[in-house]
Each structure stands twice: as C-alpha cells, then as structure tokens.
Amino acid sequence: MKTALVTGAARGIGRATVERLLSRGWRVVAGVRDVDAARAALPDRGELTVVRMDVTDADQVREAVGGAQALAGGALDAVVSNAGYALVGAVEDADLDEVRAVLETNTLGALAVMQAVLPAMREARRGSIVVVSTVGADLPTPLLGAYRASKAALNAIADVLAVEVRPFGIRVARVEPGMVATEFSRSTRRTGSVAAAGGPYGDLFAGLRAGMGTWRERYDIGPDVVAGEIVRLVEHDDPPSVVPVGDDAVHLATLDEDGLLDFLGIAWPRRP
C-alpha cells in the first residue's frame, strides 16, 4: 500500500485530497493543527492516520514525518503540500510581523516539510511531491502582495527542486487553482489600514471584496476537482510541472494588470 502525507488536511482541498487518495487505495497521513476537529471532519478509516502538524513548528514537522515514514516502512510515496492561508493588506502599511507569519507558513513551512521527507525519498530513488499553489502567484492582485509573494517564492522553490531531485527519481509538480469553493476565506487575515476598514485603500478593498464575490459566482469549482488533479499528478510517472485548475485559472494567466482590474470590476486608475 502506497503512503501519502497531506498537509493542511482538515478542510477544503486538503480534506478532498485525503478522501480521494483513500478511495484509490492509498494509506494517508493527514497533517493538521487541530487533531480533534480533523478527526470529526475526516473519514473514520483504518488507512487514515491524523497527526498534529503545524508546519511552522520544526519539532512537529519532524515528528509527523517520522511517524509517517514509520507507517510507510521507509520513504513516503507522495507528499501533498497544501497548508496555507491568505493575508490581505496594502504593501504600504502591512504589519511586518503578519507578513513574516504568512511567509513562515506558506513558504518556509512547505520547505520544512520538503526538507524532512527528501532524504528518505532520495535514498529510495522514488517519490512524488505536489505543491498546492494558486494562479494568484502570478497576478498583481491589489492588496494581496504578501500572499502573492509567499506563493511565488514557493513556486520558485518547487521549480528548482524539480531540477535538483530529477536524478533521484523524485517527481515535483504544482497545481494552480483559480477560485475554489472552500472555507479558505475564513482563514484569511487582514492587516494594516485594511484591517481597520478605512484609510487610503478602503475603496480598493471594497472593490476587491465585491470583485471576489462576482468571481466566485462565475467560476466556482469544488475542492474535489482540484483533489482529482492532485491525485492524478502523484500517480503519474512523468507529470507536467504546472497544472492550472479551472477555466478562470487558464483565463487569468493571459491578463495584464489592467485586464485583472477589469476582470474583478475594480474602479481604480488604469495605466496611461
């Protein structure tokens, strides 16, 4: 039985991925921050193990990965790096501690998991790592600069890693979804003047919220769609390096900054 580790597995894309892997005969280790809540949300299956895993806690990462490898009897067959959240705020006044925190989770947390699983994968000369990114990593979406930075940096790490581990039989890929119907917005944090619902970027924030709502109405896909792509990648012998998920992800990748503002319907100055 193949064994996979999924981070951020308690809800949304992570939970859907756990369920899809189980349905295909995988043993799954679900890394979560709240074990009790995750056990209530996830299937009660003998092939599923839920472990406490805050990716910003080095000790928890090492312990969770070690336990997963013990279950697998060696190297993990797949790792799905999904843990993350969004931060909304203007570049001008975003609280730097909040920016550090989102980078710590979305970028360095994912890197910590990769570093923990790679030695055994390299020795076994096999394994698959799939990074859950976002089409937003390449978009200049206003007020999402820190979030974009965290995902763009993660993409860069994944791209370089794919080259570095190629001789060892390890496959690295990432999915870039557009709008997905999950509870992701509930974990989104606000910072700076946006958190105070005012300031020079108040109108921009109102436009962004409205635009995101319209976007969701037009393009929402379920987390199971993304999970299907993730599982396809971990089971693929030679996966593509990047897979956009959703018609909106494909469309948005073609837009410049003014096209993005038009897409979101935000009343903000365009370039001359």
# chains A, B, ... in the order shown; residues from 1 in each chain; ligands from 1
$ residues_around --residues "Val243 in chain A" --least-positions-apart "5" --cutoff "8 Å" --atoms "only C-alpha atoms" --output "ChimeraX atom specification"
/A:173-176,229
$ write_last_selection --atoms "C-alpha atoms" --output "PDB file, in the first residue's frame"
ATOM      1  CA  ALA A 173       4.712  19.316  -9.666  1.00  0.00           C
ATOM      2  CA  ARG A 174       2.293  22.012  -8.616  1.00  0.00           C
ATOM      3  CA  VAL A 175      -1.367  22.787  -9.153  1.00  0.00           C
ATOM      4  CA  GLU A 176      -2.554  26.362  -9.612  1.00  0.00           C
ATOM      5  CA  GLU A 229      -5.767  16.808 -10.367  1.00  0.00           C
TER       6      GLU A 229
END
$ residues_around --residues "range 216-228 of chain A" --least-positions-apart "6" --cutoff "9 Å" --atoms "only C-alpha atoms" --output "JSON, numbers by chain"
{"A": [12, 13, 14, 15, 16, 17, 18, 19, 20, 21, 175, 176, 177, 178, 179, 180, 181, 182, 245, 246, 247, 248]}
$ closest_residue --among "A:Gly89, A:Gly211, A:Gly169, A:Gly265" --to "Arg189 in chain A" --atoms "only C-alpha atoms"
A:Gly89
$ select_by_dssp --residues "range 107-137 of chain A" --states "helix (DSSP H, G or I)" --output "ChimeraX atom specification"
/A:107-124,135-137
$ write_last_selection --atoms "C-alpha atoms" --output "PDB file, in the first residue's frame"
ATOM      1  CA  THR A 107       6.727  29.251   2.039  1.00  0.00           C
ATOM      2  CA  LEU A 108       9.062  28.184   4.819  1.00  0.00           C
ATOM      3  CA  GLY A 109       6.578  25.721   6.296  1.00  0.00           C
ATOM      4  CA  ALA A 110       6.255  23.969   2.953  1.00  0.00           C
ATOM      5  CA  LEU A 111      10.047  23.998   2.588  1.00  0.00           C
ATOM      6  CA  ALA A 112      10.457  22.470   6.048  1.00  0.00           C
ATOM      7  CA  VAL A 113       8.208  19.564   5.083  1.00  0.00           C
ATOM      8  CA  MET A 114      10.111  19.039   1.841  1.00  0.00           C
ATOM      9  CA  GLN A 115      13.431  19.005   3.660  1.00  0.00           C
ATOM     10  CA  ALA A 116      12.096  16.464   6.157  1.00  0.00           C
ATOM     11  CA  VAL A 117      10.832  13.984   3.540  1.00  0.00           C
ATOM     12  CA  LEU A 118      13.502  14.315   0.854  1.00  0.00           C
ATOM     13  CA  PRO A 119      16.440  12.362   2.358  1.00  0.00           C
ATOM     14  CA  ALA A 120      14.458   9.111   2.530  1.00  0.00           C
ATOM     15  CA  MET A 121      12.929   9.707  -0.909  1.00  0.00           C
ATOM     16  CA  ARG A 122      16.367  10.350  -2.364  1.00  0.00           C
ATOM     17  CA  GLU A 123      17.784   7.167  -0.809  1.00  0.00           C
ATOM     18  CA  ALA A 124      14.806   5.168  -2.108  1.00  0.00           C
ATOM     19  CA  VAL A 135      -2.990  31.232 -10.157  1.00  0.00           C
ATOM     20  CA  GLY A 136      -2.713  34.350  -7.968  1.00  0.00           C
ATOM     21  CA  ALA A 137       1.031  33.783  -7.563  1.00  0.00           C
TER      22      ALA A 137
END
$ select_by_dssp --residues "range 109-216 of chain A" --states "strand (DSSP E)" --output "PyMOL selection string"
chain A and resi 127-132+170-177+189-190
$ write_last_selection --atoms "C-alpha atoms" --output "PDB file, in the first residue's frame"
ATOM      1  CA  GLY A 127       8.555   9.714  -4.584  1.00  0.00           C
ATOM      2  CA  SER A 128       6.244  12.498  -5.644  1.00  0.00           C
ATOM      3  CA  ILE A 129       5.786  15.991  -4.233  1.00  0.00           C
ATOM      4  CA  VAL A 130       2.804  18.091  -5.271  1.00  0.00           C
ATOM      5  CA  VAL A 131       2.602  21.724  -4.197  1.00  0.00           C
ATOM      6  CA  VAL A 132      -0.793  23.409  -3.986  1.00  0.00           C
ATOM      7  CA  ILE A 170      11.602  12.167  -7.375  1.00  0.00           C
ATOM      8  CA  ARG A 171       8.843  13.996  -9.235  1.00  0.00           C
ATOM      9  CA  VAL A 172       7.791  17.550  -8.330  1.00  0.00           C
ATOM     10  CA  ALA A 173       4.712  19.316  -9.666  1.00  0.00           C
ATOM     11  CA  ARG A 174       2.293  22.012  -8.616  1.00  0.00           C
ATOM     12  CA  VAL A 175      -1.367  22.787  -9.153  1.00  0.00           C
ATOM     13  CA  GLU A 176      -2.554  26.362  -9.612  1.00  0.00           C
ATOM     14  CA  PRO A 177      -6.300  26.604  -8.970  1.00  0.00           C
ATOM     15  CA  ARG A 189      -6.254  37.603   7.733  1.00  0.00           C
ATOM     16  CA  ARG A 190      -6.340  41.364   7.273  1.00  0.00           C
TER      17      ARG A 190
END
$ closest_residue --among "A:Gly198, A:Gly74, A:Gly207, A:Pro244" --to "Ile266 in chain A" --atoms "only C-alpha atoms"
A:Gly207
$ residues_around --residues "range 39-53 of chain A" --least-positions-apart "4" --cutoff "7 Å" --atoms "only C-alpha atoms" --output "list of chain:residue names"
A:Ala10, A:Arg15, A:Arg27, A:Val28, A:Val29, A:Ala30, A:Gly31, A:Val32, A:Arg33, A:Asp34, A:Val35, A:Gln60, A:Val61, A:Ala64
$ write_last_selection --atoms "N, CA and C atoms" --output "mmCIF file, in the first residue's frame"
data_model
loop_
_atom_site.group_PDB
_atom_site.id
_atom_site.type_symbol
_atom_site.label_atom_id
_atom_site.label_comp_id
_atom_site.auth_asym_id
_atom_site.auth_seq_id
_atom_site.Cartn_x
_atom_site.Cartn_y
_atom_site.Cartn_z
ATOM 1 N N ALA A 10 -7.309 19.213 7.053
ATOM 2 C CA ALA A 10 -8.564 19.176 7.804
ATOM 3 C C ALA A 10 -9.767 19.667 7.013
ATOM 4 N N ARG A 15 -8.651 18.219 2.643
ATOM 5 C CA ARG A 15 -9.575 17.150 3.013
ATOM 6 C C ARG A 15 -10.039 16.371 1.787
ATOM 7 N N ARG A 27 -2.725 4.605 1.694
ATOM 8 C CA ARG A 27 -2.663 4.921 3.114
ATOM 9 C C ARG A 27 -2.329 6.412 3.216
ATOM 10 N N VAL A 28 -3.041 7.144 4.076
ATOM 11 C CA VAL A 28 -2.855 8.597 4.132
ATOM 12 C C VAL A 28 -2.557 9.047 5.555
ATOM 13 N N VAL A 29 -1.561 9.899 5.691
ATOM 14 C CA VAL A 29 -1.273 10.589 6.941
ATOM 15 C C VAL A 29 -1.712 12.036 6.746
ATOM 16 N N ALA A 30 -2.674 12.475 7.559
ATOM 17 C CA ALA A 30 -3.245 13.817 7.442
ATOM 18 C C ALA A 30 -2.611 14.726 8.479
ATOM 19 N N GLY A 31 -1.837 15.698 8.011
ATOM 20 C CA GLY A 31 -1.211 16.655 8.905
ATOM 21 C C GLY A 31 -2.133 17.827 9.157
ATOM 22 N N VAL A 32 -2.452 18.081 10.431
ATOM 23 C CA VAL A 32 -3.413 19.136 10.785
ATOM 24 C C VAL A 32 -2.928 19.860 12.039
ATOM 25 N N ARG A 33 -3.500 21.027 12.282
ATOM 26 C CA ARG A 33 -3.181 21.738 13.522
ATOM 27 C C ARG A 33 -4.101 21.330 14.662
ATOM 28 N N ASP A 34 -5.373 21.060 14.354
ATOM 29 C CA ASP A 34 -6.360 20.688 15.369
ATOM 30 C C ASP A 34 -6.775 19.239 15.123
ATOM 31 N N VAL A 35 -6.201 18.328 15.879
ATOM 32 C CA VAL A 35 -6.419 16.898 15.644
ATOM 33 C C VAL A 35 -7.866 16.508 15.900
ATOM 34 N N GLN A 60 7.232 19.557 15.385
ATOM 35 C CA GLN A 60 6.044 18.853 14.920
ATOM 36 C C GLN A 60 6.241 18.306 13.508
ATOM 37 N N VAL A 61 6.916 19.050 12.662
ATOM 38 C CA VAL A 61 7.183 18.572 11.300
ATOM 39 C C VAL A 61 8.029 17.310 11.342
ATOM 40 N N ALA A 64 5.954 14.377 12.830
ATOM 41 C CA ALA A 64 4.903 13.906 11.929
ATOM 42 C C ALA A 64 5.497 13.140 10.753
#
$ closest_residue --among "A:Asp258, A:Asp59, A:Asp77, A:Asp36" --to "Val234 in chain A" --atoms "only C-alpha atoms"
A:Asp77
$ atom_distance --atom1 "CA of Asp203 in chain A" --atom2 "CA of Tyr147 in chain A"
19.9 Å
$ atom_distance --atom1 "CA of Val160 in chain A" --atom2 "CA of Glu235 in chain A"
21.2 Å
$ decode --residues "range 148-195 of chain A" --atoms "N, CA and C atoms" --output "PDB file, in the first residue's frame"
ATOM      1  N   ARG A 148       0.764  36.868  -2.462  1.00  0.00           N
ATOM      2  CA  ARG A 148       1.367  36.534  -3.748  1.00  0.00           C
ATOM      3  C   ARG A 148       2.852  36.222  -3.573  1.00  0.00           C
ATOM      4  N   ALA A 149       3.540  37.023  -2.776  1.00  0.00           N
ATOM      5  CA  ALA A 149       4.968  36.803  -2.558  1.00  0.00           C
ATOM      6  C   ALA A 149       5.225  35.425  -1.954  1.00  0.00           C
ATOM      7  N   SER A 150       4.377  35.025  -1.002  1.00  0.00           N
ATOM      8  CA  SER A 150       4.582  33.730  -0.346  1.00  0.00           C
ATOM      9  C   SER A 150       4.416  32.579  -1.329  1.00  0.00           C
ATOM     10  N   LYS A 151       3.449  32.695  -2.232  1.00  0.00           N
ATOM     11  CA  LYS A 151       3.203  31.622  -3.199  1.00  0.00           C
ATOM     12  C   LYS A 151       4.203  31.676  -4.363  1.00  0.00           C
ATOM     13  N   ALA A 152       4.586  32.872  -4.781  1.00  0.00           N
ATOM     14  CA  ALA A 152       5.580  32.977  -5.848  1.00  0.00           C
ATOM     15  C   ALA A 152       6.922  32.405  -5.391  1.00  0.00           C
ATOM     16  N   ALA A 153       7.282  32.668  -4.139  1.00  0.00           N
ATOM     17  CA  ALA A 153       8.517  32.100  -3.598  1.00  0.00           C
ATOM     18  C   ALA A 153       8.423  30.579  -3.510  1.00  0.00           C
ATOM     19  N   LEU A 154       7.259  30.070  -3.119  1.00  0.00           N
ATOM     20  CA  LEU A 154       7.059  28.627  -3.065  1.00  0.00           C
ATOM     21  C   LEU A 154       7.182  28.010  -4.454  1.00  0.00           C
ATOM     22  N   ASN A 155       6.617  28.681  -5.455  1.00  0.00           N
ATOM     23  CA  ASN A 155       6.738  28.187  -6.831  1.00  0.00           C
ATOM     24  C   ASN A 155       8.198  28.099  -7.255  1.00  0.00           C
ATOM     25  N   ALA A 156       8.975  29.127  -6.910  1.00  0.00           N
ATOM     26  CA  ALA A 156      10.391  29.135  -7.280  1.00  0.00           C
ATOM     27  C   ALA A 156      11.124  27.964  -6.630  1.00  0.00           C
ATOM     28  N   ILE A 157      10.836  27.710  -5.368  1.00  0.00           N
ATOM     29  CA  ILE A 157      11.466  26.586  -4.678  1.00  0.00           C
ATOM     30  C   ILE A 157      11.099  25.273  -5.350  1.00  0.00           C
ATOM     31  N   ALA A 158       9.804  25.111  -5.679  1.00  0.00           N
ATOM     32  CA  ALA A 158       9.351  23.870  -6.316  1.00  0.00           C
ATOM     33  C   ALA A 158      10.007  23.674  -7.678  1.00  0.00           C
ATOM     34  N   ASP A 159      10.129  24.754  -8.446  1.00  0.00           N
ATOM     35  CA  ASP A 159      10.737  24.643  -9.775  1.00  0.00           C
ATOM     36  C   ASP A 159      12.199  24.230  -9.690  1.00  0.00           C
ATOM     37  N   VAL A 160      12.921  24.827  -8.747  1.00  0.00           N
ATOM     38  CA  VAL A 160      14.333  24.479  -8.584  1.00  0.00           C
ATOM     39  C   VAL A 160      14.473  23.056  -8.045  1.00  0.00           C
ATOM     40  N   LEU A 161      13.638  22.713  -7.080  1.00  0.00           N
ATOM     41  CA  LEU A 161      13.687  21.368  -6.518  1.00  0.00           C
ATOM     42  C   LEU A 161      13.467  20.311  -7.592  1.00  0.00           C
ATOM     43  N   ALA A 162      12.544  20.573  -8.509  1.00  0.00           N
ATOM     44  CA  ALA A 162      12.254  19.596  -9.564  1.00  0.00           C
ATOM     45  C   ALA A 162      13.505  19.245 -10.360  1.00  0.00           C
ATOM     46  N   VAL A 163      14.363  20.244 -10.590  1.00  0.00           N
ATOM     47  CA  VAL A 163      15.603  20.003 -11.327  1.00  0.00           C
ATOM     48  C   VAL A 163      16.614  19.268 -10.448  1.00  0.00           C
ATOM     49  N   GLU A 164      16.712  19.688  -9.193  1.00  0.00           N
ATOM     50  CA  GLU A 164      17.719  19.116  -8.298  1.00  0.00           C
ATOM     51  C   GLU A 164      17.499  17.627  -8.027  1.00  0.00           C
ATOM     52  N   VAL A 165      16.245  17.207  -7.910  1.00  0.00           N
ATOM     53  CA  VAL A 165      15.983  15.821  -7.497  1.00  0.00           C
ATOM     54  C   VAL A 165      15.662  14.899  -8.668  1.00  0.00           C
ATOM     55  N   ARG A 166      15.724  15.417  -9.873  1.00  0.00           N
ATOM     56  CA  ARG A 166      15.407  14.602 -11.056  1.00  0.00           C
ATOM     57  C   ARG A 166      16.265  13.321 -11.133  1.00  0.00           C
ATOM     58  N   PRO A 167      17.574  13.389 -10.827  1.00  0.00           N
ATOM     59  CA  PRO A 167      18.372  12.160 -10.935  1.00  0.00           C
ATOM     60  C   PRO A 167      17.993  11.077  -9.925  1.00  0.00           C
ATOM     61  N   PHE A 168      17.225  11.463  -8.893  1.00  0.00           N
ATOM     62  CA  PHE A 168      16.903  10.522  -7.824  1.00  0.00           C
ATOM     63  C   PHE A 168      15.498   9.939  -7.951  1.00  0.00           C
ATOM     64  N   GLY A 169      14.867  10.135  -9.095  1.00  0.00           N
ATOM     65  CA  GLY A 169      13.557   9.542  -9.329  1.00  0.00           C
ATOM     66  C   GLY A 169      12.414  10.218  -8.609  1.00  0.00           C
ATOM     67  N   ILE A 170      12.645  11.431  -8.102  1.00  0.00           N
ATOM     68  CA  ILE A 170      11.602  12.167  -7.375  1.00  0.00           C
ATOM     69  C   ILE A 170      10.932  13.150  -8.334  1.00  0.00           C
ATOM     70  N   ARG A 171       9.621  13.138  -8.347  1.00  0.00           N
ATOM     71  CA  ARG A 171       8.843  13.996  -9.235  1.00  0.00           C
ATOM     72  C   ARG A 171       8.244  15.154  -8.439  1.00  0.00           C
ATOM     73  N   VAL A 172       8.322  16.356  -8.996  1.00  0.00           N
ATOM     74  CA  VAL A 172       7.791  17.550  -8.330  1.00  0.00           C
ATOM     75  C   VAL A 172       6.864  18.268  -9.297  1.00  0.00           C
ATOM     76  N   ALA A 173       5.677  18.595  -8.835  1.00  0.00           N
ATOM     77  CA  ALA A 173       4.712  19.316  -9.666  1.00  0.00           C
ATOM     78  C   ALA A 173       3.899  20.242  -8.776  1.00  0.00           C
ATOM     79  N   ARG A 174       3.181  21.153  -9.396  1.00  0.00           N
ATOM     80  CA  ARG A 174       2.293  22.012  -8.616  1.00  0.00           C
ATOM     81  C   ARG A 174       0.981  22.231  -9.363  1.00  0.00           C
ATOM     82  N   VAL A 175      -0.075  22.423  -8.592  1.00  0.00           N
ATOM     83  CA  VAL A 175      -1.367  22.787  -9.153  1.00  0.00           C
ATOM     84  C   VAL A 175      -1.621  24.256  -8.841  1.00  0.00           C
ATOM     85  N   GLU A 176      -2.247  24.942  -9.777  1.00  0.00           N
ATOM     86  CA  GLU A 176      -2.554  26.362  -9.612  1.00  0.00           C
ATOM     87  C   GLU A 176      -4.049  26.581  -9.857  1.00  0.00           C
ATOM     88  N   PRO A 177      -4.861  26.404  -8.806  1.00  0.00           N
ATOM     89  CA  PRO A 177      -6.300  26.604  -8.970  1.00  0.00           C
ATOM     90  C   PRO A 177      -6.661  28.083  -9.078  1.00  0.00           C
ATOM     91  N   GLY A 178      -7.823  28.325  -9.671  1.00  0.00           N
ATOM     92  CA  GLY A 178      -8.445  29.635  -9.599  1.00  0.00           C
ATOM     93  C   GLY A 178      -9.329  29.683  -8.359  1.00  0.00           C
ATOM     94  N   MET A 179     -10.564  30.138  -8.523  1.00  0.00           N
ATOM     95  CA  MET A 179     -11.487  30.221  -7.396  1.00  0.00           C
ATOM     96  C   MET A 179     -12.035  28.842  -7.070  1.00  0.00           C
ATOM     97  N   VAL A 180     -11.946  28.476  -5.803  1.00  0.00           N
ATOM     98  CA  VAL A 180     -12.403  27.163  -5.352  1.00  0.00           C
ATOM     99  C   VAL A 180     -13.380  27.353  -4.196  1.00  0.00           C
ATOM    100  N   ALA A 181     -14.454  26.596  -4.205  1.00  0.00           N
ATOM    101  CA  ALA A 181     -15.487  26.692  -3.165  1.00  0.00           C
ATOM    102  C   ALA A 181     -15.032  25.955  -1.909  1.00  0.00           C
ATOM    103  N   THR A 182     -14.281  26.651  -1.065  1.00  0.00           N
ATOM    104  CA  THR A 182     -13.817  26.084   0.196  1.00  0.00           C
ATOM    105  C   THR A 182     -14.011  27.108   1.304  1.00  0.00           C
ATOM    106  N   GLU A 183     -13.583  26.729   2.510  1.00  0.00           N
ATOM    107  CA  GLU A 183     -13.641  27.654   3.648  1.00  0.00           C
ATOM    108  C   GLU A 183     -12.383  28.517   3.723  1.00  0.00           C
ATOM    109  N   PHE A 184     -11.634  28.612   2.621  1.00  0.00           N
ATOM    110  CA  PHE A 184     -10.351  29.309   2.628  1.00  0.00           C
ATOM    111  C   PHE A 184     -10.487  30.756   3.116  1.00  0.00           C
ATOM    112  N   SER A 185     -11.578  31.419   2.710  1.00  0.00           N
ATOM    113  CA  SER A 185     -11.747  32.826   3.083  1.00  0.00           C
ATOM    114  C   SER A 185     -11.871  33.006   4.594  1.00  0.00           C
ATOM    115  N   ARG A 186     -12.317  31.958   5.309  1.00  0.00           N
ATOM    116  CA  ARG A 186     -12.464  32.071   6.763  1.00  0.00           C
ATOM    117  C   ARG A 186     -11.118  32.191   7.457  1.00  0.00           C
ATOM    118  N   SER A 187     -10.061  31.672   6.838  1.00  0.00           N
ATOM    119  CA  SER A 187      -8.738  31.745   7.449  1.00  0.00           C
ATOM    120  C   SER A 187      -7.927  32.940   6.955  1.00  0.00           C
ATOM    121  N   THR A 188      -8.532  33.750   6.067  1.00  0.00           N
ATOM    122  CA  THR A 188      -7.830  34.922   5.549  1.00  0.00           C
ATOM    123  C   THR A 188      -7.694  35.988   6.632  1.00  0.00           C
ATOM    124  N   ARG A 189      -6.506  36.551   6.744  1.00  0.00           N
ATOM    125  CA  ARG A 189      -6.254  37.603   7.733  1.00  0.00           C
ATOM    126  C   ARG A 189      -6.158  38.959   7.038  1.00  0.00           C
ATOM    127  N   ARG A 190      -6.495  39.993   7.768  1.00  0.00           N
ATOM    128  CA  ARG A 190      -6.340  41.364   7.273  1.00  0.00           C
ATOM    129  C   ARG A 190      -5.274  42.065   8.101  1.00  0.00           C
ATOM    130  N   THR A 191      -4.616  43.026   7.458  1.00  0.00           N
ATOM    131  CA  THR A 191      -3.555  43.748   8.145  1.00  0.00           C
ATOM    132  C   THR A 191      -3.535  45.204   7.720  1.00  0.00           C
ATOM    133  N   GLY A 192      -2.881  46.052   8.530  1.00  0.00           N
ATOM    134  CA  GLY A 192      -2.752  47.471   8.205  1.00  0.00           C
ATOM    135  C   GLY A 192      -4.084  48.194   8.194  1.00  0.00           C
ATOM    136  N   SER A 193      -4.189  49.217   7.349  1.00  0.00           N
ATOM    137  CA  SER A 193      -5.418  50.009   7.293  1.00  0.00           C
ATOM    138  C   SER A 193      -6.610  49.197   6.817  1.00  0.00           C
ATOM    139  N   VAL A 194      -6.366  48.152   6.036  1.00  0.00           N
ATOM    140  CA  VAL A 194      -7.461  47.288   5.589  1.00  0.00           C
ATOM    141  C   VAL A 194      -8.122  46.614   6.789  1.00  0.00           C
ATOM    142  N   ALA A 195      -7.329  46.242   7.785  1.00  0.00           N
ATOM    143  CA  ALA A 195      -7.886  45.609   8.980  1.00  0.00           C
ATOM    144  C   ALA A 195      -8.777  46.581   9.743  1.00  0.00           C
TER     145      ALA A 195
END
